[in-house]
$ cat target.cif   # mmCIF, C-alpha atoms and all ligand atoms
data_my_file
#
loop_
_atom_site.label_atom_id
_atom_site.label_comp_id
_atom_site.auth_asym_id
_atom_site.auth_seq_id
_atom_site.Cartn_x
_atom_site.Cartn_y
_atom_site.Cartn_z
CA MET A 1 -46.14 169.78 264.99
CA LEU A 2 -44.84 167.31 267.53
CA ILE A 3 -41.07 167.09 267.91
CA TYR A 4 -41.42 163.27 267.83
CA ASP A 5 -42.87 163.54 264.30
CA LEU A 6 -39.44 164.44 262.94
CA THR A 7 -36.88 161.93 261.76
CA LEU A 8 -33.31 162.72 262.78
CA GLU A 9 -32.58 163.85 259.21
CA GLU A 10 -35.58 166.18 259.25
CA LEU A 11 -34.43 167.68 262.55
CA VAL A 12 -30.90 168.17 261.20
CA GLU A 13 -32.38 169.94 258.19
CA PHE A 14 -34.58 172.17 260.35
CA LEU A 15 -31.72 173.14 262.65
CA ASN A 16 -29.42 173.73 259.70
CA LYS A 17 -31.93 176.12 258.18
CA HIS A 18 -31.85 178.08 261.42
CA GLY A 19 -28.06 178.20 261.69
CA HIS A 20 -27.50 175.37 264.16
CA LYS A 21 -24.93 172.63 263.75
CA LYS A 22 -25.74 169.01 263.05
CA TYR A 23 -24.57 167.73 266.44
CA ARG A 24 -27.35 169.73 268.09
CA ALA A 25 -29.87 167.36 266.51
CA ASP A 26 -28.09 164.43 268.17
CA GLN A 27 -28.27 166.26 271.49
CA VAL A 28 -31.99 166.92 271.09
CA TRP A 29 -32.60 163.26 270.20
CA ASN A 30 -30.59 162.19 273.19
CA TRP A 31 -32.88 164.25 275.44
CA LEU A 32 -35.98 162.94 273.71
CA TYR A 33 -35.19 159.27 273.38
CA LYS A 34 -32.54 158.48 276.01
CA GLN A 35 -33.28 160.92 278.84
CA LYS A 36 -36.93 161.07 277.78
CA VAL A 37 -37.55 164.57 279.11
CA LEU A 38 -40.99 166.03 278.53
CA SER A 39 -40.02 169.71 278.24
CA PHE A 40 -37.51 171.59 276.09
CA LYS A 41 -36.39 173.60 279.14
CA GLU A 42 -34.76 170.50 280.61
CA MET A 43 -32.40 170.18 277.62
CA ASN A 44 -29.72 172.02 279.57
CA ASN A 45 -26.79 171.57 277.21
CA LEU A 46 -28.57 173.55 274.47
CA PRO A 47 -28.16 177.32 274.05
CA ASP A 48 -31.17 179.42 275.10
CA ASP A 49 -31.91 180.59 271.56
CA LEU A 50 -32.16 176.96 270.41
CA ILE A 51 -34.55 176.08 273.23
CA THR A 52 -36.69 179.07 272.26
CA LEU A 53 -36.58 178.01 268.60
CA LEU A 54 -37.76 174.52 269.50
CA GLU A 55 -40.48 175.83 271.81
CA GLU A 56 -41.77 178.15 269.10
CA ASN A 57 -41.91 175.46 266.44
CA PHE A 58 -42.72 172.19 268.15
CA LYS A 59 -44.79 170.61 270.83
CA ILE A 60 -43.31 167.98 273.08
CA GLU A 61 -46.40 167.08 275.09
CA ALA A 62 -48.50 164.84 272.90
CA LEU A 63 -50.77 163.07 275.32
CA GLU A 64 -52.67 163.82 278.45
CA LEU A 65 -53.33 160.90 280.75
CA VAL A 66 -57.07 160.68 281.34
CA LEU A 67 -57.29 157.39 283.16
CA LYS A 68 -55.14 154.47 284.09
CA HIS A 69 -56.09 151.02 285.29
CA ILE A 70 -53.66 148.56 286.74
CA SER A 71 -54.80 144.97 286.79
CA GLN A 72 -53.76 142.30 289.26
CA ASP A 73 -51.19 140.79 286.91
CA GLY A 74 -49.52 144.20 286.51
CA THR A 75 -51.09 145.03 283.13
CA VAL A 76 -51.50 148.79 282.80
CA LYS A 77 -54.13 150.27 280.57
CA ALA A 78 -53.75 153.97 279.89
CA LEU A 79 -56.38 156.17 278.29
CA TYR A 80 -54.86 159.28 276.73
CA SER A 81 -56.37 162.40 275.25
CA LEU A 82 -54.77 163.81 272.08
CA HIS A 83 -54.38 167.56 271.52
CA ASP A 84 -57.73 167.66 269.68
CA GLY A 85 -59.58 165.80 272.42
CA HIS A 86 -59.73 162.39 270.74
CA LEU A 87 -59.16 159.49 273.10
CA ILE A 88 -56.73 156.65 272.50
CA GLU A 89 -55.39 153.83 274.62
CA SER A 90 -52.21 151.92 275.20
CA VAL A 91 -51.84 148.66 277.07
CA LEU A 92 -48.68 147.69 278.89
CA MET A 93 -48.05 144.07 279.69
CA LYS A 94 -45.42 142.66 282.01
CA HIS A 95 -43.72 139.43 281.03
CA HIS A 96 -40.85 137.49 282.55
CA TYR A 97 -38.72 138.57 279.57
CA GLY A 98 -39.56 142.29 279.76
CA ASN A 99 -42.28 144.89 279.33
CA SER A 100 -44.32 145.13 276.16
CA ILE A 101 -46.70 147.82 275.00
CA CYS A 102 -49.62 147.62 272.61
CA VAL A 103 -49.96 150.93 270.77
CA THR A 104 -52.83 152.58 268.94
CA THR A 105 -52.34 153.85 265.38
CA GLN A 106 -55.68 155.45 264.48
CA VAL A 107 -58.62 157.07 266.22
CA GLY A 108 -61.22 154.37 265.43
CA CYS A 109 -60.86 151.96 262.53
CA ASN A 110 -62.52 151.77 259.13
CA ILE A 111 -61.98 148.06 258.59
CA GLY A 112 -65.06 147.43 260.71
CA CYS A 113 -64.61 143.83 261.87
CA SER A 114 -67.86 142.63 263.41
CA PHE A 115 -66.25 141.31 266.62
CA CYS A 116 -64.09 144.34 267.41
CA ALA A 117 -65.00 147.29 269.62
CA SER A 118 -62.64 149.59 267.66
CA GLY A 119 -64.20 148.65 264.38
CA LEU A 120 -67.54 149.96 265.56
CA LEU A 121 -66.02 153.41 265.86
CA LYS A 122 -65.48 154.85 262.39
CA LYS A 123 -62.02 156.20 261.85
CA LYS A 124 -61.78 159.85 262.88
CA ARG A 125 -58.17 160.29 261.89
CA ASP A 126 -54.74 158.70 261.64
CA LEU A 127 -52.27 159.20 264.46
CA THR A 128 -49.01 160.88 263.49
CA SER A 129 -45.82 158.89 264.00
CA GLY A 130 -45.01 161.15 266.96
CA GLU A 131 -48.33 160.39 268.63
CA ILE A 132 -47.59 156.68 268.38
CA ILE A 133 -44.06 157.15 269.77
CA ALA A 134 -45.36 159.31 272.62
CA GLN A 135 -47.49 156.40 273.85
CA ILE A 136 -44.29 154.46 274.59
CA ILE A 137 -42.56 157.38 276.30
CA GLU A 138 -45.58 158.41 278.38
CA THR A 139 -46.36 154.85 279.42
CA GLU A 140 -42.75 154.31 280.52
CA LYS A 141 -43.25 157.31 282.80
CA ILE A 142 -46.27 155.65 284.41
CA LEU A 143 -44.43 152.38 284.78
CA LYS A 144 -41.06 153.87 285.70
CA GLU A 145 -39.45 151.04 283.74
CA ARG A 146 -38.15 150.59 280.23
CA ILE A 147 -40.41 149.12 277.58
CA SER A 148 -38.47 146.78 275.34
CA TYR A 149 -41.19 145.15 273.22
CA VAL A 150 -43.76 146.89 271.04
CA VAL A 151 -46.83 145.37 269.43
CA VAL A 152 -48.79 147.48 266.98
CA MET A 153 -52.12 145.88 267.86
CA GLY A 154 -54.10 148.66 269.49
CA ILE A 155 -56.96 150.54 267.88
CA GLY A 156 -56.62 151.03 264.14
CA GLU A 157 -55.24 149.30 261.08
CA PRO A 158 -51.52 150.12 260.91
CA LEU A 159 -51.17 149.43 257.18
CA ASP A 160 -53.97 151.94 256.56
CA ASN A 161 -51.67 154.57 258.13
CA TYR A 162 -48.66 153.36 256.24
CA GLN A 163 -46.31 156.36 256.01
CA ASN A 164 -46.68 157.23 259.68
CA LEU A 165 -46.24 153.59 260.64
CA ILE A 166 -42.95 153.36 258.75
CA LYS A 167 -41.69 156.60 260.29
CA PHE A 168 -42.70 155.36 263.75
CA LEU A 169 -40.88 152.05 263.21
CA SER A 170 -37.74 153.77 262.02
CA THR A 171 -37.55 156.13 265.02
CA ILE A 172 -38.19 153.51 267.66
CA ASN A 173 -35.78 151.10 266.01
CA SER A 174 -33.01 153.65 265.45
CA PRO A 175 -30.01 153.27 267.80
CA LYS A 176 -30.22 157.03 268.35
CA GLY A 177 -33.98 156.80 268.93
CA LEU A 178 -35.65 154.39 271.35
CA ALA A 179 -33.31 151.62 270.14
CA ILE A 180 -35.97 148.91 270.33
CA GLY A 181 -34.74 145.90 268.34
CA ALA A 182 -36.69 145.15 265.17
CA ARG A 183 -37.25 141.61 266.37
CA HIS A 184 -38.89 143.03 269.47
CA ILE A 185 -41.49 144.84 267.35
CA THR A 186 -44.62 143.24 265.84
CA VAL A 187 -47.04 144.86 263.42
CA SER A 188 -50.49 143.30 263.16
CA THR A 189 -52.70 143.72 260.12
CA SER A 190 -56.18 142.66 259.10
CA GLY A 191 -54.69 141.64 255.76
CA ILE A 192 -54.45 144.55 253.33
CA VAL A 193 -52.81 142.54 250.58
CA PRO A 194 -51.09 145.25 248.46
CA LYS A 195 -49.71 146.92 251.59
CA ILE A 196 -48.34 143.62 252.91
CA LYS A 197 -46.43 143.26 249.64
CA GLU A 198 -45.12 146.82 249.87
CA TYR A 199 -44.15 146.22 253.48
CA ALA A 200 -42.33 143.00 252.51
CA GLN A 201 -40.25 144.88 249.98
CA MET A 202 -39.01 147.33 252.59
CA GLY A 203 -36.93 144.54 254.11
CA LEU A 204 -37.63 145.54 257.70
CA GLN A 205 -36.69 142.96 260.30
CA VAL A 206 -39.89 143.76 262.20
CA ASN A 207 -42.28 140.84 262.90
CA LEU A 208 -45.51 140.64 260.97
CA ALA A 209 -48.78 139.25 262.35
CA ILE A 210 -51.81 138.59 260.18
CA SER A 211 -55.33 138.49 261.63
CA LEU A 212 -56.73 135.50 259.80
CA HIS A 213 -59.42 134.26 262.22
CA ALA A 214 -60.84 131.76 259.73
CA PRO A 215 -59.53 129.37 257.06
CA ASN A 216 -62.34 129.99 254.57
CA ASN A 217 -64.14 132.94 253.01
CA GLU A 218 -67.56 132.04 254.35
CA ILE A 219 -66.57 132.43 257.99
CA ARG A 220 -63.96 135.12 257.46
CA THR A 221 -66.36 137.42 255.62
CA LYS A 222 -68.79 137.20 258.54
CA LEU A 223 -66.07 138.41 260.87
CA MET A 224 -64.14 140.77 258.64
CA LYS A 225 -65.80 142.57 255.79
CA ILE A 226 -62.36 143.36 254.35
CA ASN A 227 -62.34 139.70 253.33
CA GLN A 228 -64.57 140.68 250.41
CA ALA A 229 -61.77 142.84 249.05
CA TYR A 230 -58.91 140.52 250.07
CA PRO A 231 -60.16 136.96 250.47
CA VAL A 232 -58.34 134.16 252.30
CA GLU A 233 -56.47 132.87 249.23
CA GLU A 234 -55.09 136.35 248.49
CA VAL A 235 -54.06 136.86 252.11
CA ILE A 236 -52.28 133.49 252.03
CA GLY A 237 -50.65 134.56 248.75
CA ALA A 238 -49.43 137.77 250.40
CA ILE A 239 -48.03 135.74 253.32
CA LYS A 240 -46.19 133.49 250.84
CA TYR A 241 -44.81 136.54 249.08
CA TYR A 242 -43.69 138.05 252.39
CA LEU A 243 -42.04 134.78 253.39
CA SER A 244 -40.20 134.59 250.09
CA VAL A 245 -38.92 138.16 250.30
CA ALA A 246 -38.46 138.76 254.02
CA ASN A 247 -37.71 135.20 255.07
CA ARG A 248 -39.10 135.85 258.55
CA ARG A 249 -41.67 133.67 260.26
CA VAL A 250 -45.17 135.17 260.20
CA THR A 251 -47.60 135.08 263.12
CA ILE A 252 -51.18 134.12 262.36
CA GLU A 253 -53.65 135.60 264.84
CA TYR A 254 -56.76 133.56 265.37
CA ILE A 255 -59.42 134.59 267.87
CA LEU A 256 -61.61 131.72 269.04
CA ILE A 257 -65.34 132.44 268.93
CA ASP A 258 -67.89 129.98 270.25
CA GLY A 259 -69.48 127.85 267.54
CA LEU A 260 -68.20 130.00 264.71
CA ASN A 261 -64.56 129.30 263.96
CA ASP A 262 -63.61 126.89 266.75
CA THR A 263 -64.87 123.46 265.59
CA PRO A 264 -62.58 120.48 264.88
CA GLU A 265 -63.54 120.66 261.16
CA VAL A 266 -62.42 124.28 260.98
CA ALA A 267 -59.19 123.41 262.80
CA ILE A 268 -58.43 120.74 260.20
CA GLU A 269 -59.20 123.17 257.40
CA LEU A 270 -56.86 125.71 258.97
CA CYS A 271 -54.07 123.13 259.08
CA LYS A 272 -54.56 122.48 255.35
CA VAL A 273 -54.44 126.18 254.51
CA LEU A 274 -51.26 126.74 256.52
CA ARG A 275 -49.43 123.51 255.71
CA GLY A 276 -45.82 124.04 254.67
CA LEU A 277 -45.76 127.76 255.51
CA ASN A 278 -43.25 129.20 257.97
CA VAL A 279 -45.93 130.51 260.31
CA TYR A 280 -46.99 130.10 263.88
CA VAL A 281 -50.55 130.42 265.04
CA ASN A 282 -51.44 132.52 268.05
CA LEU A 283 -54.82 131.36 269.32
CA ILE A 284 -56.51 134.19 271.20
CA PRO A 285 -59.48 133.70 273.54
CA TYR A 286 -62.13 136.13 272.29
CA ASN A 287 -62.76 139.02 274.64
CA GLU A 288 -66.49 139.58 274.56
CA VAL A 289 -67.66 143.10 273.75
CA LEU A 290 -71.10 144.44 274.54
CA GLU A 291 -71.91 145.53 271.00
CA ALA A 292 -71.07 142.21 269.29
CA PRO A 293 -73.14 139.01 269.37
CA TYR A 294 -70.18 136.64 269.82
CA LYS A 295 -69.16 134.50 272.78
CA ARG A 296 -65.77 133.22 273.79
CA SER A 297 -65.09 129.56 273.04
CA LYS A 298 -65.20 127.15 275.94
CA THR A 299 -61.83 126.29 277.40
CA GLU A 300 -62.04 122.63 276.38
CA THR A 301 -62.93 123.66 272.82
CA MET A 302 -59.89 125.94 272.69
CA VAL A 303 -57.64 123.18 273.97
CA ALA A 304 -59.08 120.70 271.44
CA PHE A 305 -58.47 123.22 268.62
CA TYR A 306 -54.91 123.68 269.85
CA ASP A 307 -54.35 119.92 269.95
CA ILE A 308 -55.48 119.45 266.36
CA LEU A 309 -52.96 122.05 265.20
CA MET A 310 -50.21 120.46 267.27
CA LYS A 311 -50.99 117.00 265.89
CA ASN A 312 -50.76 118.41 262.38
CA LYS A 313 -47.35 119.91 263.18
CA ILE A 314 -48.52 123.50 262.93
CA GLN A 315 -46.64 125.67 265.43
CA VAL A 316 -49.20 127.07 267.81
CA THR A 317 -49.65 128.85 271.13
CA LEU A 318 -52.80 129.51 273.11
CA ARG A 319 -52.49 133.06 274.38
CA LYS A 320 -52.62 133.43 278.11
CA GLU A 321 -54.84 136.34 278.77
CA GLN A 322 -53.66 139.46 280.43
CA GLY A 323 -55.62 142.30 281.90
CA HIS A 324 -58.97 140.59 281.52
CA ASP A 325 -60.30 142.23 284.67
CA ILE A 326 -59.67 145.70 283.23
CA ASN A 327 -61.06 145.08 279.74
CA ALA A 328 -57.68 145.10 278.06
CA ALA A 329 -59.12 144.00 274.72
CA CYS A 330 -58.67 146.27 271.80
CA GLY A 331 -60.78 149.43 272.09
CA GLN A 332 -62.78 148.46 275.11
CA LEU A 333 -61.59 151.00 277.66
CA ARG A 334 -62.03 153.78 275.16
CA SER A 335 -65.49 152.77 274.08
CA GLN A 336 -66.64 152.91 277.69
CA HIS A 337 -65.60 156.54 277.95
CA LEU A 338 -67.23 158.06 274.90
N1 LIG B 1 -56.11 146.21 262.92
C1 LIG B 1 -55.07 145.30 263.18
C2 LIG B 1 -54.40 145.54 264.50
C3 LIG B 1 -55.27 145.90 265.66
S1 LIG B 1 -56.35 144.62 266.24
C4 LIG B 1 -55.57 143.88 263.08
O1 LIG B 1 -56.78 143.69 262.98
O2 LIG B 1 -54.75 142.98 263.06
C5 LIG B 1 -55.20 143.52 267.01
C6 LIG B 1 -55.73 142.12 267.22
O3 LIG B 1 -56.74 142.14 268.24
C7 LIG B 1 -56.36 141.52 265.99
O4 LIG B 1 -55.89 140.22 265.77
C8 LIG B 1 -57.81 141.54 266.35
O5 LIG B 1 -58.51 140.57 265.65
C9 LIG B 1 -57.79 141.31 267.85
N2 LIG B 1 -59.03 141.66 268.52
C10 LIG B 1 -59.87 142.69 268.25
N3 LIG B 1 -60.93 142.68 269.08
C11 LIG B 1 -60.75 141.61 269.89
C12 LIG B 1 -61.51 141.05 270.96
N4 LIG B 1 -62.65 141.60 271.36
N5 LIG B 1 -61.03 139.94 271.57
C13 LIG B 1 -59.86 139.39 271.18
N6 LIG B 1 -59.11 139.86 270.19
C14 LIG B 1 -59.54 140.95 269.55
FE1 LIG B 2 -59.79 147.42 262.88
FE2 LIG B 2 -58.18 145.40 263.69
FE3 LIG B 2 -60.48 145.98 265.00
FE4 LIG B 2 -60.59 144.88 262.59
S1 LIG B 2 -59.72 143.95 264.44
S2 LIG B 2 -61.82 146.63 263.29
S3 LIG B 2 -58.87 145.84 261.58
S4 LIG B 2 -58.69 147.27 264.82
#

$ encode --input "target.cif" --output "structure tokens" --more "lines below"
Ligand code: SAH
Ligand code: SF4
Amino acid sequence: MLIYDLTLEELVEFLNKHGHKKYRADQVWNWLYKQKVLSFKEMNNLPDDLITLLEENFKIEALELVLKHISQDGTVKALYSLHDGHLIESVLMKHHYGNSICVTTQVGCNIGCSFCASGLLKKKRDLTSGEIIAQIIETEKILKERISYVVVMGIGEPLDNYQNLIKFLSTINSPKGLAIGARHITVSTSGIVPKIKEYAQMGLQVNLAISLHAPNNEIRTKLMKINQAYPVEEVIGAIKYYLSVANRRVTIEYILIDGLNDTPEVAIELCKVLRGLNVYVNLIPYNEVLEAPYKRSKTETMVAFYDILMKNKIQVTLRKEQGHDINAACGQLRSQHL
């Protein structure tokens, strides 16, 4: 088991069982999440028998760096190997307000969206919470700078790995853990309606992003087969429920695909669907993948789509792309190395 898989309470319990005092758990967490050491030996305020105990029971090295690409705008894409040889990736983006990382939550994804490179790789397994945390710590080592924003938008469907996601969020948000503010964390989901409701009830202050990509079932089902299980009206219902319980603005992700979901008629339909909701729409230029038949919308089409939303008083941004020259889109680096 990875040491990062343990909550502080679980570590206290483990140490207690082996005759060590509670404050030792705080010391270990300090080494893990403040000093960010990558070996137990470096924890030099712990007694030798405790270091041996930790070494015998836990692993601290979760990921092996296989490849890293640094793009011109400073975006870092890291390909990591897990202990069982599966490959995952993390993308680090530099912004004027700080560094943000996009983490992976599963090896592959079973949701199988037709435009997504990850969706073409069936899910092999869930990542543990520790494996998700380790992506932040390891990538900080590459960057030699602190990461202060986290987006859960890498490979995988986070709400399909729910327990580990919640554990991950609690450790990175904890003041004794990585102390990343809840408002600096965003979880993106393809729209698993019952899980969104469960998530809403937890009362986390973490941002929620929903991959909508279309305002009607005809287009959305083409892109996302999960729409057959949870159609647009149910996803909108879940967003309304979330807004009523969590009272936090929701992000709507919308990739723009040429001729499919980018026409003025579709933009108007989207405005109708979202009218009156406390949401903001993040328009994302589609990153073309070899295996999918879709093309990115033309720039003028994207701008026209944006303008229609603006005119209808829907809050909207058109995402500036980062890391395009290194294939920073979800799952692309990994799929090239299989
Ligand atoms: N499974 C979750 C989170 C991971 S995908 C979800 O679907 O929300 C994160 C975001 O990247 C989603 O909005 C997804 O639609 C988008 N995405 C996937 N492939 C893409 C591509 N080739 N170009 C642009 N965005 C893509
Ligand atoms: Fe999975 Fe998200 Fe890709 Fe869809 S877009 S296949 S849910 S990772």

$ residues_around --input "target.cif" --residues "segment 196-208 of chain A" --least-positions-apart "4" --cutoff "8 Å" --atoms "only C-alpha atoms" --output "PyMOL selection string"
chain A and resi 159+182-189+191-192+238-239+241-242+245-246+248-251

$ closest_residue --input "target.cif" --among "A:Leu169, A:Met224, A:Met93, A:Ile308" --to "ligand LIG 1 (chain B)" --atoms "all atoms listed in the file"
A:Met224

$ closest_residue --input "target.cif" --among "A:Ser174, A:Asn278, A:Thr299, A:Thr105" --to "ligand LIG 2 (chain B)" --atoms "all atoms listed in the file"
A:Thr105

$ closest_atom_pairs --input "target.cif" --of "segment 132-213 of chain A" --to "segment 26-33 of chain A" --cutoff "9 Å" --atoms "all atoms listed in the file" --output "tab-separated table"
residue	atom	partner	partner_atom	distance
A:Ile137	CA	A:Tyr33	CA	8.1
A:Ile172	CA	A:Tyr33	CA	8.7
A:Lys176	CA	A:Trp29	CA	6.9
A:Gly177	CA	A:Tyr33	CA	5.2
A:Leu178	CA	A:Tyr33	CA	5.3
A:Ala179	CA	A:Tyr33	CA	8.5

$ residues_near_ligand --input "target.cif" --ligand "ligand LIG 1 (chain B)" --cutoff "8 Å" --atoms "only C-alpha atoms and all ligand atoms" --output "VMD selection string"
chain A and resid 104 109 111 113 115 to 118 152 to 158 187 to 191 209 to 213 253 to 255 284 to 289 329 to 332

$ residues_near_point --input "target.cif" --point "(-71.3, 140.4, 267.8)" --cutoff "7 Å" --atoms "only C-alpha atoms" --output "list in words"
Ser114, Phe115, Glu291, Ala292, Pro293 and Tyr294 of chain A

$ residues_around --input "target.cif" --residues "Tyr306 of chain A" --least-positions-apart "2" --cutoff "10 Å" --atoms "all atoms listed in the file" --output "VMD selection string"
chain A and resid 262 264 267 281 to 283 300 to 304 308 to 311 314 to 318

$ axis_aligned_box --input "target.cif" --around "ligand LIG 2 (chain B)" --padding-each-side "4 Å" --output "AutoDock Vina command-line options"
--center_x -60.0 --center_y 145.7 --center_z 263.3 --size_x 11.6 --size_y 11.5 --size_z 11.4

$ closest_residue --input "target.cif" --among "A:Thr263, A:Thr221, A:Thr7, A:Asn247" --to "ligand LIG 2 (chain B)" --atoms "all atoms listed in the file"
A:Thr221

$ closest_residue --input "target.cif" --among "A:Leu65, A:Val273, A:Ile51, A:Leu223" --to "Ile88 of chain A" --atoms "all atoms listed in the file"
A:Leu65

$ atom_distance --input "target.cif" --atom1 "atom CA of Lys295 of chain A" --atom2 "atom CA of Leu260 of chain A"
9.3 Å

$ atom_distance --input "target.cif" --atom1 "atom CA of Met1 of chain A" --atom2 "atom CA of Phe58 of chain A"
5.2 Å

$ atom_distance --input "target.cif" --atom1 "atom CA of Lys59 of chain A" --atom2 "atom FE1 of ligand LIG 2 (chain B)"
28.7 Å

$ residues_around --input "target.cif" --residues "Pro47 of chain A" --least-positions-apart "3" --cutoff "12 Å" --atoms "all atoms listed in the file" --output "number ranges by chain"
A: 20-21, 24, 27-28, 40-44, 50-54

$ closest_residue --input "target.cif" --among "A:Val91, A:Val12, A:Leu121, A:Ala214" --to "ligand LIG 2 (chain B)" --atoms "all atoms listed in the file"
A:Leu121

$ build_atoms --input "target.cif" --residues "segment 2-17 of chain A" --atoms "N, CA and C atoms" --output "compact mmCIF listing (two decimals), in the coordinates of the input"
# COMPACT_ATOMS: atom_id res chain seq x y z
N LEU A 2 -45.53 167.94 266.40
CA LEU A 2 -44.84 167.31 267.53
C LEU A 2 -43.37 167.09 267.19
N ILE A 3 -42.50 167.30 268.15
CA ILE A 3 -41.07 167.09 267.91
C ILE A 3 -40.80 165.61 267.56
N TYR A 4 -41.61 164.70 268.11
CA TYR A 4 -41.42 163.27 267.83
C TYR A 4 -41.82 162.90 266.39
N ASP A 5 -42.49 163.83 265.70
CA ASP A 5 -42.87 163.54 264.30
C ASP A 5 -41.68 163.64 263.35
N LEU A 6 -40.59 164.23 263.82
CA LEU A 6 -39.44 164.44 262.94
C LEU A 6 -38.46 163.27 262.96
N THR A 7 -38.01 162.86 261.79
CA THR A 7 -36.88 161.93 261.76
C THR A 7 -35.63 162.73 262.13
N LEU A 8 -34.55 162.02 262.43
CA LEU A 8 -33.31 162.72 262.78
C LEU A 8 -32.86 163.60 261.61
N GLU A 9 -32.99 163.08 260.39
CA GLU A 9 -32.58 163.85 259.21
C GLU A 9 -33.42 165.12 259.09
N GLU A 10 -34.71 165.00 259.35
CA GLU A 10 -35.58 166.18 259.25
C GLU A 10 -35.21 167.22 260.31
N LEU A 11 -34.83 166.74 261.49
CA LEU A 11 -34.43 167.68 262.55
C LEU A 11 -33.13 168.37 262.19
N VAL A 12 -32.18 167.60 261.64
CA VAL A 12 -30.90 168.17 261.20
C VAL A 12 -31.17 169.28 260.19
N GLU A 13 -32.05 168.98 259.26
CA GLU A 13 -32.38 169.94 258.19
C GLU A 13 -33.01 171.22 258.78
N PHE A 14 -33.92 171.03 259.72
CA PHE A 14 -34.58 172.17 260.35
C PHE A 14 -33.55 173.03 261.09
N LEU A 15 -32.69 172.38 261.85
CA LEU A 15 -31.72 173.14 262.65
C LEU A 15 -30.72 173.84 261.74
N ASN A 16 -30.33 173.15 260.69
CA ASN A 16 -29.42 173.73 259.70
C ASN A 16 -29.96 175.03 259.12
N LYS A 17 -31.24 174.95 258.78
CA LYS A 17 -31.93 176.12 258.18
C LYS A 17 -31.90 177.32 259.14
